$ cat my_file.csv   # CSV, C-alpha atoms
chain,number,residue,atom,x,y,z
A,19,MET,CA,0.0,0.0,0.0
A,20,PHE,CA,2.8,2.4,0.9
A,21,GLU,CA,4.4,1.9,-2.6
A,22,LYS,CA,1.2,2.5,-4.6
A,23,THR,CA,0.5,5.7,-6.4
A,24,VAL,CA,-2.1,8.1,-5.0
A,25,GLU,CA,-4.3,7.3,-8.0
A,26,ASP,CA,-4.2,3.5,-7.2
A,27,LEU,CA,-4.9,4.2,-3.6
A,28,ARG,CA,-7.9,6.4,-4.4
A,29,ALA,CA,-9.3,3.6,-6.6
A,30,LEU,CA,-9.1,1.4,-3.4
A,31,GLY,CA,-10.6,4.1,-1.3
A,32,ALA,CA,-7.5,4.1,0.8
A,33,ASP,CA,-5.3,7.1,0.0
A,34,ILE,CA,-6.2,9.1,3.1
A,35,THR,CA,-5.8,6.3,5.7
A,36,THR,CA,-2.6,5.0,4.1
A,37,ALA,CA,-1.0,8.5,4.2
A,38,GLU,CA,-2.1,9.0,7.8
A,39,ILE,CA,-0.6,5.8,9.0
A,40,LYS,CA,2.7,6.4,7.1
A,41,GLN,CA,3.2,10.0,8.4
A,42,GLN,CA,3.0,9.1,12.1
A,43,PRO,CA,6.7,8.9,12.8
A,44,ASP,CA,7.1,12.5,11.6
A,45,LEU,CA,4.1,13.5,13.8
A,46,TRP,CA,5.7,12.0,16.9
A,47,GLU,CA,8.7,14.2,16.4
A,48,ASP,CA,6.3,17.2,15.9
A,49,THR,CA,4.5,16.2,19.1
A,50,PHE,CA,7.7,16.3,21.1
A,51,GLN,CA,8.2,19.9,19.8
A,52,ILE,CA,4.7,20.8,20.8
A,53,TYR,CA,5.5,19.4,24.3
A,54,THR,CA,8.6,21.5,24.6
A,55,ASP,CA,7.0,24.6,23.2
A,56,ASN,CA,4.3,24.4,25.8
A,57,LYS,CA,6.5,23.2,28.7
A,58,ALA,CA,6.2,26.5,30.8
A,59,ALA,CA,2.4,26.6,30.4
A,60,ILE,CA,2.1,22.9,31.3
A,61,GLU,CA,4.2,23.3,34.5
A,62,THR,CA,2.2,26.4,35.6
A,63,PHE,CA,-1.1,24.5,35.0
A,64,LEU,CA,0.1,21.4,37.0
A,65,ALA,CA,1.4,23.6,39.8
A,66,ASP,CA,-2.0,25.3,40.0
A,67,ALA,CA,-3.7,21.9,40.0
A,68,ARG,CA,-1.6,20.7,42.9
A,69,ALA,CA,-2.5,23.8,44.9
A,70,MET,CA,-6.2,22.9,44.8
A,71,GLY,CA,-6.0,20.7,47.8
A,72,GLU,CA,-4.0,18.3,49.9
A,73,GLY,CA,-3.0,14.8,48.9
A,74,ARG,CA,-2.6,13.4,45.4
A,75,VAL,CA,-4.3,14.9,42.5
A,76,SER,CA,-6.6,12.5,40.7
A,77,VAL,CA,-5.6,12.6,37.0
A,78,ILE,CA,-8.5,11.2,35.0
A,79,PHE,CA,-7.7,10.4,31.3
A,80,THR,CA,-11.0,10.5,29.4
A,81,GLY,CA,-12.3,10.1,25.9
A,82,ALA,CA,-14.7,7.8,24.0
A,83,GLY,CA,-13.8,4.9,21.7
A,84,THR,CA,-10.2,5.3,20.5
A,85,SER,CA,-9.8,8.4,22.6
A,86,ASP,CA,-10.7,6.3,25.6
A,87,TYR,CA,-8.0,3.8,24.7
A,88,VAL,CA,-5.4,6.6,24.7
A,89,GLY,CA,-5.9,6.7,28.5
A,90,ASP,CA,-6.0,3.0,28.8
A,91,THR,CA,-2.6,2.8,27.1
A,92,ALA,CA,-0.9,5.7,28.8
A,93,ALA,CA,-2.1,5.3,32.4
A,94,PRO,CA,-0.5,1.9,33.3
A,95,TYR,CA,2.9,3.1,32.2
A,96,LEU,CA,2.6,6.4,34.1
A,97,ARG,CA,1.6,4.6,37.3
A,98,HIS,CA,5.3,3.7,37.7
A,99,ALA,CA,7.0,6.3,35.4
A,100,GLY,CA,5.0,9.3,36.5
A,101,ASP,CA,5.2,11.0,39.9
A,102,THR,CA,2.8,8.9,41.9
A,103,ASP,CA,3.4,10.8,45.1
A,104,LEU,CA,1.7,13.8,43.4
A,105,TYR,CA,-0.8,12.1,40.9
A,106,ASP,CA,-3.2,9.2,40.8
A,107,PHE,CA,-3.7,8.2,37.2
A,108,LYS,CA,-7.1,6.8,36.2
A,109,PRO,CA,-8.5,6.1,32.7
A,110,ILE,CA,-12.3,6.6,32.7
A,111,ALA,CA,-14.3,6.9,29.5
A,112,THR,CA,-16.4,10.0,28.9
A,113,THR,CA,-19.3,7.7,28.3
A,114,ASP,CA,-19.0,6.4,31.9
A,115,ILE,CA,-18.5,9.9,33.4
A,116,VAL,CA,-21.6,11.3,31.5
A,117,SER,CA,-23.9,8.3,32.2
A,118,ALA,CA,-23.0,7.5,35.8
A,119,PRO,CA,-20.8,10.3,37.3
A,120,ARG,CA,-21.3,9.2,40.9
A,121,ASP,CA,-19.9,5.8,40.1
A,122,PHE,CA,-16.7,7.1,38.6
A,123,LEU,CA,-15.9,10.5,40.2
A,124,ARG,CA,-15.3,11.6,43.8
A,125,ALA,CA,-16.5,15.1,44.4
A,126,GLU,CA,-13.9,15.6,47.2
A,127,ASP,CA,-10.8,14.7,45.2
A,128,PRO,CA,-8.8,17.5,43.6
A,129,THR,CA,-8.9,16.5,39.9
A,130,ILE,CA,-7.4,17.1,36.5
A,131,LEU,CA,-9.7,15.9,33.8
A,132,VAL,CA,-7.5,15.2,30.8
A,133,SER,CA,-9.8,15.1,27.7
A,134,PHE,CA,-8.6,13.3,24.6
A,135,ALA,CA,-10.4,14.2,21.4
A,136,ARG,CA,-9.6,14.1,17.7
A,137,SER,CA,-12.3,16.6,16.7
A,138,GLY,CA,-13.5,17.8,20.1
A,139,ASN,CA,-17.1,17.7,18.7
A,140,SER,CA,-18.4,14.5,20.2
A,141,PRO,CA,-21.3,15.2,22.5
A,142,GLU,CA,-19.7,13.1,25.3
A,143,SER,CA,-16.5,15.1,25.2
A,144,LEU,CA,-18.3,18.3,25.9
A,145,ALA,CA,-20.7,16.8,28.4
A,146,ALA,CA,-18.0,15.1,30.4
A,147,VAL,CA,-16.4,18.5,31.1
A,148,ASP,CA,-19.8,19.9,32.1
A,149,VAL,CA,-20.7,17.0,34.4
A,150,ALA,CA,-17.3,16.9,36.0
A,151,ARG,CA,-17.4,20.7,36.6
A,152,LYS,CA,-20.7,20.4,38.3
A,153,TYR,CA,-19.8,17.4,40.4
A,154,VAL,CA,-16.2,17.8,41.4
A,155,LYS,CA,-15.5,20.6,43.9
A,156,ASN,CA,-11.9,21.3,42.8
A,157,ILE,CA,-11.1,20.6,39.2
A,158,LYS,CA,-9.0,21.7,36.2
A,159,PHE,CA,-9.2,20.7,32.6
A,160,LEU,CA,-6.3,19.6,30.3
A,161,ASN,CA,-7.6,19.2,26.8
A,162,ILE,CA,-5.4,17.3,24.3
A,163,THR,CA,-7.1,17.6,20.9
A,164,CYS,CA,-6.2,17.7,17.2
A,165,ALA,CA,-8.8,20.2,16.0
A,166,PRO,CA,-8.2,23.9,16.7
A,167,GLU,CA,-11.7,24.7,15.4
A,168,GLY,CA,-13.4,21.9,17.5
A,169,LYS,CA,-15.9,22.7,20.1
A,170,LEU,CA,-13.8,21.4,23.0
A,171,ALA,CA,-10.9,23.8,22.0
A,172,VAL,CA,-13.1,26.8,21.2
A,173,GLU,CA,-15.3,26.6,24.2
A,174,SER,CA,-12.3,26.2,26.6
A,175,ALA,CA,-10.3,29.1,25.1
A,176,ASP,CA,-11.3,31.6,27.8
A,177,ASP,CA,-11.6,29.1,30.7
A,178,PRO,CA,-9.1,30.0,33.4
A,179,ASP,CA,-9.3,26.5,34.7
A,180,ALA,CA,-8.4,24.9,31.3
A,181,LEU,CA,-5.2,24.4,29.3
A,182,THR,CA,-5.7,23.2,25.7
A,183,LEU,CA,-2.8,21.6,23.8
A,184,LEU,CA,-3.3,21.2,20.0
A,185,ILE,CA,-1.8,18.6,17.7
A,186,PRO,CA,-3.3,19.9,14.4
A,187,ARG,CA,-1.4,17.7,12.0
A,188,ALA,CA,-2.8,14.6,13.7
A,189,ASN,CA,-6.4,15.6,13.0
A,190,ASP,CA,-7.0,12.5,10.9
A,191,LYS,CA,-9.3,12.9,7.9
A,192,GLY,CA,-9.9,9.2,7.4
A,193,PHE,CA,-12.7,7.4,9.2
A,194,ALA,CA,-10.5,5.7,11.8
A,195,MET,CA,-8.2,7.4,14.2
A,196,THR,CA,-4.6,6.6,13.6
A,197,GLY,CA,-2.1,9.5,14.1
A,198,SER,CA,-4.5,11.1,16.5
A,199,TYR,CA,-4.4,8.1,18.8
A,200,SER,CA,-0.6,7.7,18.8
A,201,CYS,CA,0.1,11.4,19.1
A,202,MET,CA,-2.4,12.0,22.0
A,203,THR,CA,-0.9,8.9,23.7
A,204,LEU,CA,2.6,10.3,23.3
A,205,LEU,CA,1.8,13.9,24.4
A,206,SER,CA,0.1,12.8,27.6
A,207,THR,CA,3.0,10.5,28.3
A,208,LEU,CA,5.5,13.2,27.8
A,209,ILE,CA,3.7,15.6,30.1
A,210,PHE,CA,3.6,13.2,33.1
A,211,ASP,CA,6.7,11.0,32.6
A,212,THR,CA,9.4,11.9,35.1
A,213,ALA,CA,12.3,11.0,32.8
A,214,SER,CA,14.5,13.8,31.5
A,215,ASP,CA,13.5,15.6,28.4
A,216,GLU,CA,16.8,14.4,26.8
A,217,GLN,CA,15.8,10.8,27.5
A,218,LYS,CA,12.2,11.4,26.3
A,219,LEU,CA,13.6,12.8,23.0
A,220,ALA,CA,15.8,9.8,22.5
A,221,TRP,CA,12.9,7.5,23.0
A,222,VAL,CA,10.7,9.4,20.6
A,223,ARG,CA,13.4,9.4,18.0
A,224,GLN,CA,13.8,5.6,18.4
A,225,ALA,CA,10.1,5.1,18.2
A,226,ALA,CA,10.0,7.1,15.0
A,227,GLU,CA,12.8,5.0,13.5
A,228,MET,CA,10.8,1.9,14.3
A,229,GLY,CA,7.7,3.3,12.9
A,230,ARG,CA,9.4,4.0,9.6
A,231,GLU,CA,10.7,0.4,9.7
A,232,VAL,CA,7.0,-0.9,9.9
A,233,VAL,CA,6.3,1.0,6.6
A,234,ALA,CA,9.4,-0.5,5.0
A,235,ARG,CA,8.4,-4.0,6.1
A,236,GLU,CA,4.8,-3.9,4.9
A,237,ASP,CA,5.3,-7.2,2.9
A,238,GLU,CA,6.0,-9.0,6.2
A,239,VAL,CA,2.8,-7.8,7.7
A,240,ALA,CA,0.9,-8.7,4.5
A,241,ALA,CA,2.2,-12.3,4.8
A,242,TYR,CA,0.3,-12.7,8.1
A,243,LEU,CA,-2.9,-12.2,6.2
A,244,SER,CA,-2.3,-14.9,3.6
A,245,GLY,CA,-4.8,-17.8,3.6
A,246,ASP,CA,-8.2,-18.2,5.0
A,247,PHE,CA,-9.1,-16.4,8.3
A,248,ASN,CA,-12.1,-14.5,9.6
A,249,ARG,CA,-11.1,-13.8,13.2
A,250,VAL,CA,-8.4,-11.7,14.8
A,251,THR,CA,-7.5,-11.3,18.4
A,252,TYR,CA,-5.0,-9.0,20.1
A,253,LEU,CA,-3.4,-9.6,23.5
A,254,GLY,CA,-1.0,-7.7,25.7
A,255,SER,CA,-0.1,-6.8,29.3
A,256,GLY,CA,0.1,-3.5,31.1
A,257,SER,CA,-0.2,-0.6,28.7
A,258,PHE,CA,-0.6,-3.1,25.9
A,259,VAL,CA,-4.1,-4.1,27.1
A,260,GLY,CA,-5.3,-0.7,26.0
A,261,LEU,CA,-3.3,-1.1,22.8
A,262,ALA,CA,-4.9,-4.5,22.2
A,263,GLN,CA,-8.3,-2.9,22.5
A,264,GLU,CA,-7.4,-0.1,20.1
A,265,SER,CA,-5.9,-2.6,17.6
A,266,GLN,CA,-9.0,-4.8,17.5
A,267,LEU,CA,-11.2,-1.7,17.0
A,268,LYS,CA,-9.2,-0.8,13.9
A,269,ILE,CA,-10.0,-4.2,12.4
A,270,LEU,CA,-13.7,-3.8,13.2
A,271,GLU,CA,-13.9,-0.2,11.9
A,272,LEU,CA,-11.9,-0.6,8.7
A,273,ALA,CA,-13.5,-4.0,7.7
A,274,HIS,CA,-17.0,-2.8,8.8
A,275,GLY,CA,-17.4,-5.8,11.1
A,276,LEU,CA,-16.8,-8.4,8.4
A,277,VAL,CA,-13.9,-9.9,10.5
A,278,ALA,CA,-14.7,-10.8,14.1
A,279,THR,CA,-12.3,-9.6,16.8
A,280,SER,CA,-11.5,-10.0,20.4
A,281,TRP,CA,-8.9,-8.5,22.8
A,282,ASP,CA,-7.8,-9.2,26.4
A,283,SER,CA,-4.8,-9.2,28.6
A,284,SER,CA,-2.3,-12.0,28.1
A,285,MET,CA,-3.2,-13.7,31.4
A,286,GLY,CA,-6.9,-12.9,31.3
A,287,TYR,CA,-7.5,-14.6,27.9
A,288,ARG,CA,-7.4,-18.1,29.4
A,289,HIS,CA,-10.4,-17.4,31.6
A,290,GLY,CA,-13.0,-18.0,28.9
A,291,PRO,CA,-12.3,-15.6,26.1
A,292,LYS,CA,-9.7,-18.0,24.6
A,293,SER,CA,-12.8,-19.9,23.4
A,294,PHE,CA,-12.9,-17.3,20.5
A,295,VAL,CA,-9.8,-18.9,18.9
A,296,ASP,CA,-10.3,-21.5,16.1
A,297,ASP,CA,-8.4,-22.6,13.0
A,298,LYS,CA,-9.4,-19.3,11.2
A,299,THR,CA,-8.1,-17.0,13.9
A,300,LEU,CA,-5.0,-14.8,13.8
A,301,VAL,CA,-3.6,-14.2,17.3
A,302,PHE,CA,-1.3,-11.2,17.8
A,303,VAL,CA,0.4,-10.7,21.2
A,304,PHE,CA,2.3,-7.4,22.0
A,305,MET,CA,5.4,-8.4,24.0
A,306,ASN,CA,6.2,-6.1,26.9
A,307,ASN,CA,9.9,-5.2,27.5
A,308,ASP,CA,9.6,-5.4,31.3
A,309,PRO,CA,11.5,-8.7,32.0
A,310,TYR,CA,8.9,-9.9,34.5
A,311,THR,CA,5.8,-9.0,32.5
A,312,ARG,CA,7.3,-10.3,29.3
A,313,LEU,CA,7.2,-13.9,30.7
A,314,TYR,CA,3.4,-13.8,30.8
A,315,ASP,CA,3.2,-12.6,27.3
A,316,LEU,CA,5.5,-15.4,26.2
A,317,ASP,CA,3.5,-18.0,28.1
A,318,ILE,CA,0.2,-17.2,26.3
A,319,LEU,CA,2.1,-17.2,22.9
A,320,ASN,CA,3.6,-20.6,23.6
A,321,GLU,CA,0.3,-22.0,24.9
A,322,ILE,CA,-1.8,-20.9,21.9
A,323,ASP,CA,0.9,-21.9,19.5
A,324,GLY,CA,1.4,-25.2,21.2
A,325,ASP,CA,-2.3,-25.9,21.2
A,326,LYS,CA,-2.4,-25.7,17.4
A,327,ILE,CA,-5.8,-24.1,17.6
A,328,ALA,CA,-5.1,-20.8,15.7
A,329,ARG,CA,-4.4,-20.3,12.1
A,330,LYS,CA,-1.4,-18.2,13.1
A,331,THR,CA,0.1,-17.0,16.4
A,332,ILE,CA,2.3,-13.9,16.0
A,333,ALA,CA,4.4,-11.9,18.4
A,334,VAL,CA,5.0,-8.2,18.0
A,335,GLN,CA,8.2,-7.7,19.9
A,336,GLN,CA,11.7,-6.3,20.2
A,337,ASP,CA,14.5,-8.8,20.3
A,338,ALA,CA,14.9,-8.8,24.0
A,339,ASP,CA,15.4,-12.0,25.9
A,340,PRO,CA,13.4,-14.1,26.0
A,341,ALA,CA,11.8,-13.7,22.6
A,342,PHE,CA,9.1,-15.7,21.0
A,343,ALA,CA,10.7,-18.3,18.8
A,344,GLY,CA,7.7,-18.7,16.5
A,345,GLU,CA,6.2,-16.3,13.9
A,346,SER,CA,6.9,-12.7,14.8
A,347,PHE,CA,7.3,-9.1,13.7
A,348,THR,CA,10.5,-8.4,15.6
A,349,PHE,CA,12.3,-5.1,15.8
A,350,ALA,CA,16.0,-5.9,16.1
A,351,GLY,CA,19.2,-4.0,16.9
A,352,ARG,CA,17.8,-1.4,19.3
A,353,ALA,CA,17.7,-0.8,23.0
A,354,PRO,CA,14.4,-1.9,24.7
A,355,LEU,CA,11.9,0.9,24.7
A,356,PRO,CA,9.6,1.5,27.7
A,357,GLU,CA,6.0,0.5,27.0
A,358,GLY,CA,4.7,4.1,26.9
A,359,TYR,CA,6.9,4.7,23.8
A,360,LEU,CA,7.0,1.2,22.4
A,361,ALA,CA,3.2,1.4,22.0
A,362,LEU,CA,3.7,3.8,19.1
A,363,PRO,CA,5.5,1.6,16.6
A,364,PHE,CA,3.5,-1.4,17.9
A,365,VAL,CA,0.2,0.3,17.0
A,366,MET,CA,1.5,1.0,13.5
A,367,VAL,CA,1.9,-2.8,12.9
A,368,ALA,CA,-1.8,-3.2,14.0
A,369,GLN,CA,-2.9,-0.3,11.8
A,370,VAL,CA,-1.2,-1.8,8.7
A,371,VAL,CA,-2.9,-5.2,9.5
A,372,SER,CA,-6.2,-3.4,9.6
A,373,LEU,CA,-5.6,-1.4,6.4
A,374,LEU,CA,-4.5,-4.5,4.4
A,375,ASN,CA,-7.4,-6.5,5.8
A,376,SER,CA,-9.9,-3.9,4.9
A,377,VAL,CA,-8.8,-4.1,1.2
A,378,ARG,CA,-8.7,-7.9,1.5
A,379,VAL,CA,-12.4,-8.1,2.3
A,380,GLY,CA,-13.3,-5.6,-0.4
A,381,ASN,CA,-14.0,-2.6,1.9
A,382,THR,CA,-12.8,1.0,1.4
A,383,PRO,CA,-10.6,2.0,4.4
A,384,ASP,CA,-11.3,5.7,4.1
A,385,THR,CA,-15.1,5.3,4.2
A,386,PRO,CA,-15.6,1.8,5.7
A,387,SER,CA,-19.2,2.2,6.8
A,388,PRO,CA,-21.3,2.2,3.5
A,389,THR,CA,-24.6,2.7,5.3
A,390,GLY,CA,-23.4,5.7,7.4
A,391,THR,CA,-24.6,4.1,10.5
A,392,VAL,CA,-21.2,4.5,12.1
A,393,ASN,CA,-19.6,7.9,11.8
A,394,ARG,CA,-16.3,9.7,12.5
A,395,VAL,CA,-18.1,11.9,15.1
A,396,VAL,CA,-21.0,10.1,16.8
A,397,LYS,CA,-24.5,11.1,16.0
A,398,GLY,CA,-27.8,10.5,17.8
A,399,VAL,CA,-26.5,11.0,21.3
A,400,THR,CA,-28.9,12.5,23.8
A,401,ILE,CA,-27.2,14.3,26.7
A,402,HIS,CA,-29.6,14.5,29.6
A,403,PRO,CA,-29.4,17.3,32.2
A,404,PHE,CA,-27.3,16.6,35.3
A,405,GLU,CA,-27.6,18.2,38.6
A,406,ALA,CA,-24.9,17.5,41.3

$ encode --input "my_file.csv" --output "structure tokens"
Amino acid sequence: MFEKTVEDLRALGADITTAEIKQQPDLWEDTFQIYTDNKAAIETFLADARAMGEGRVSVIFTGAGTSDYVGDTAAPYLRHAGDTDLYDFKPIATTDIVSAPRDFLRAEDPTILVSFARSGNSPESLAAVDVARKYVKNIKFLNITCAPEGKLAVESADDPDALTLLIPRANDKGFAMTGSYSCMTLLSTLIFDTASDEQKLAWVRQAAEMGREVVAREDEVAAYLSGDFNRVTYLGSGSFVGLAQESQLKILELAHGLVATSWDSSMGYRHGPKSFVDDKTLVFVFMNNDPYTRLYDLDILNEIDGDKIARKTIAVQQDADPAFAGESFTFAGRAPLPEGYLALPFVMVAQVVSLLNSVRVGNTPDTPSPTGTVNRVVKGVTIHPFEA
């Protein structure tokens, strides 16, 4: 796909999505610059948030769909790489906050609501801010969005309790979020990771190199899709549980549900969900670089591969020890990346799988929902009045 002409890609209905997947490594380097350009404003905002009350500040990562999975990917890493004496990181979907705020928010906790939004126009994005403002006594709003003209950015412009950070080049025009997911994940990680900026930059540059490698190795990814299959499952541990959920959503979205999907944690999959696997199933496992966690990822790979129940069992991994000896997409010759940054090239592998599979089943990746019943920005949502 990455070698095809624009005309050929347009004929497949795939020119937008292909370009947006390919450009991500450049966008990650841009995102690091956005982080450094806004460093002073970020530090002032966080200092003001810590002054709201005693104890740790509750940092709630929120969004819907892929924007929700941003928080699910970033939060586990930050629970050990962030300053956990100051912050308590929690991913909570906007859909949960809006529909059942008393189940998910504590009015007494000083809170930063970190809203992830590609467009900022989803009804839940705006309603979550409104509900949280009414319910939580001391709260500030950090908006990470890709659309300067979106309602979330525009309506927060004059809010003294809000800081909005924009990643405009990541405002995907295709149906499925690709660069917006990876860039919002990266920016939130950069903000709260306690590593030095020099170390963060080195990790971003390495992730970008690995992302470009995914593009160059498209033929290897395509080989996984050879033969007869109609199911795909993604597994991972830690941050890669959120990544697994995002990866399976990309299959569903771009193939319009024509290929069944599942996702879970590497350990959790045994407890019933493994029943999904049959001889027409591709199983992908994202291998964590934490030496302890990696063992559990390897265990499920070896188990499913040894059971001979799946069509293919594939590891997505760096060449750390131990590595999966079976079929794999392996990044070789580089130092192990922390999971918060390794998620970036890993998701590109999954995005390429979804792109190629969409074309394989005769769908058009840029506009995969022919009936229009599923949309880039959700429609038909009723937001009911809330009183704290």

$ residues_around --input "my_file.csv" --residues "region 348-361 of chain A" --least-positions-apart "4" --cutoff "8 Å" --atoms "all atoms listed in the file" --output "PyMOL selection string"
chain A and resi 91-92+95-96+204+207+221-222+225+228+257-258+261+306-308+333-338+365

$ residues_around --input "my_file.csv" --residues "region 188-201 of chain A" --least-positions-apart "5" --cutoff "8 Å" --atoms "all atoms listed in the file" --output "JSON, numbers by chain"
{"A": [34, 35, 38, 39, 41, 42, 45, 46, 49, 84, 85, 88, 136, 137, 164, 165, 268, 271, 272, 362, 365, 369, 383, 384, 385, 386, 393, 394]}

$ residues_around --input "my_file.csv" --residues "region 283-295 of chain A" --least-positions-apart "3" --cutoff "12 Å" --atoms "all atoms listed in the file" --output "MDAnalysis selection string"
chainID A and resid 247:263 278:280 298:306 311:323 325:331 333

$ atom_distance --input "my_file.csv" --atom1 "CA of Pro119 (chain A)" --atom2 "CA of Asp177 (chain A)"
21.9 Å

$ residues_near_point --input "my_file.csv" --point "(1.3, 19.4, 22.4)" --cutoff "8 Å" --atoms "all atoms listed in the file" --output "mmCIF file with C-alpha atoms, in the frame of the given file"
data_model
loop_
_atom_site.group_PDB
_atom_site.id
_atom_site.type_symbol
_atom_site.label_atom_id
_atom_site.label_comp_id
_atom_site.auth_asym_id
_atom_site.auth_seq_id
_atom_site.Cartn_x
_atom_site.Cartn_y
_atom_site.Cartn_z
ATOM 1 C CA THR A 49 4.500 16.200 19.100
ATOM 2 C CA PHE A 50 7.700 16.300 21.100
ATOM 3 C CA GLN A 51 8.200 19.900 19.800
ATOM 4 C CA ILE A 52 4.700 20.800 20.800
ATOM 5 C CA TYR A 53 5.500 19.400 24.300
ATOM 6 C CA THR A 54 8.600 21.500 24.600
ATOM 7 C CA ASP A 55 7.000 24.600 23.200
ATOM 8 C CA ASN A 56 4.300 24.400 25.800
ATOM 9 C CA ILE A 162 -5.400 17.300 24.300
ATOM 10 C CA LEU A 183 -2.800 21.600 23.800
ATOM 11 C CA LEU A 184 -3.300 21.200 20.000
ATOM 12 C CA ILE A 185 -1.800 18.600 17.700
ATOM 13 C CA LEU A 205 1.800 13.900 24.400
#

$ residues_around --input "my_file.csv" --residues "region 373-379 of chain A" --least-positions-apart "5" --cutoff "8 Å" --atoms "all atoms listed in the file" --output "list of chain:residue names"
A:Met19, A:Leu30, A:Thr35, A:Thr36, A:Ala240, A:Leu243, A:Ile269, A:Leu272, A:Ala273, A:Leu276

$ closest_residue --input "my_file.csv" --among "A:Ala406, A:Met366, A:Ile78, A:Ala69" --to "Val233 (chain A)" --atoms "all atoms listed in the file"
A:Met366

$ closest_residue --input "my_file.csv" --among "A:Thr102, A:Thr80, A:Gln224, A:Asn139" --to "Leu160 (chain A)" --atoms "only C-alpha atoms"
A:Thr80

$ residues_near_point --input "my_file.csv" --point "(-12.3, 20.6, 22.9)" --cutoff "10 Å" --atoms "all atoms listed in the file" --output "ChimeraX atom specification"
/A:133-140,143-144,147,160-175,182-184

$ residues_around --input "my_file.csv" --residues "Leu104 (chain A)" --least-positions-apart "5" --cutoff "8 Å" --atoms "all atoms listed in the file" --output "list in words"
Arg68, Gly73, Arg74 and Val75 of chain A

$ closest_residue --input "my_file.csv" --among "A:Arg120, A:Asp103, A:Pro309, A:Val149" --to "Glu72 (chain A)" --atoms "all atoms listed in the file"
A:Asp103

$ closest_residue --input "my_file.csv" --among "A:Glu345, A:Asp114, A:Asp296, A:Glu231" --to "Asp86 (chain A)" --atoms "only C-alpha atoms"
A:Asp114

$ atom_distance --input "my_file.csv" --atom1 "CA of Ser206 (chain A)" --atom2 "CA of Ser346 (chain A)"
29.3 Å

$ closest_residue --input "my_file.csv" --among "A:Asp44, A:Pro94, A:Tyr153, A:Pro109" --to "Leu123 (chain A)" --atoms "all atoms listed in the file"
A:Tyr153

$ atom_distance --input "my_file.csv" --atom1 "CA of Phe210 (chain A)" --atom2 "CA of Phe63 (chain A)"
12.4 Å

$ decode --input "my_file.csv" --residues "region 279-294 of chain A" --atoms "C-alpha atoms" --output "PDB file, in the first residue's frame"
ATOM      1  CA  THR A 279     -12.324  -9.555  16.753  1.00  0.00           C
ATOM      2  CA  SER A 280     -11.488  -9.983  20.408  1.00  0.00           C
ATOM      3  CA  TRP A 281      -8.947  -8.516  22.825  1.00  0.00           C
ATOM      4  CA  ASP A 282      -7.785  -9.166  26.359  1.00  0.00           C
ATOM      5  CA  SER A 283      -4.792  -9.216  28.646  1.00  0.00           C
ATOM      6  CA  SER A 284      -2.291 -11.996  28.089  1.00  0.00           C
ATOM      7  CA  MET A 285      -3.162 -13.655  31.393  1.00  0.00           C
ATOM      8  CA  GLY A 286      -6.874 -12.889  31.274  1.00  0.00           C
ATOM      9  CA  TYR A 287      -7.460 -14.561  27.904  1.00  0.00           C
ATOM     10  CA  ARG A 288      -7.368 -18.054  29.392  1.00  0.00           C
ATOM     11  CA  HIS A 289     -10.386 -17.369  31.574  1.00  0.00           C
ATOM     12  CA  GLY A 290     -13.023 -18.001  28.935  1.00  0.00           C
ATOM     13  CA  PRO A 291     -12.256 -15.557  26.097  1.00  0.00           C
ATOM     14  CA  LYS A 292      -9.747 -18.012  24.615  1.00  0.00           C
ATOM     15  CA  SER A 293     -12.819 -19.900  23.381  1.00  0.00           C
ATOM     16  CA  PHE A 294     -12.863 -17.348  20.547  1.00  0.00           C
TER      17      PHE A 294
END
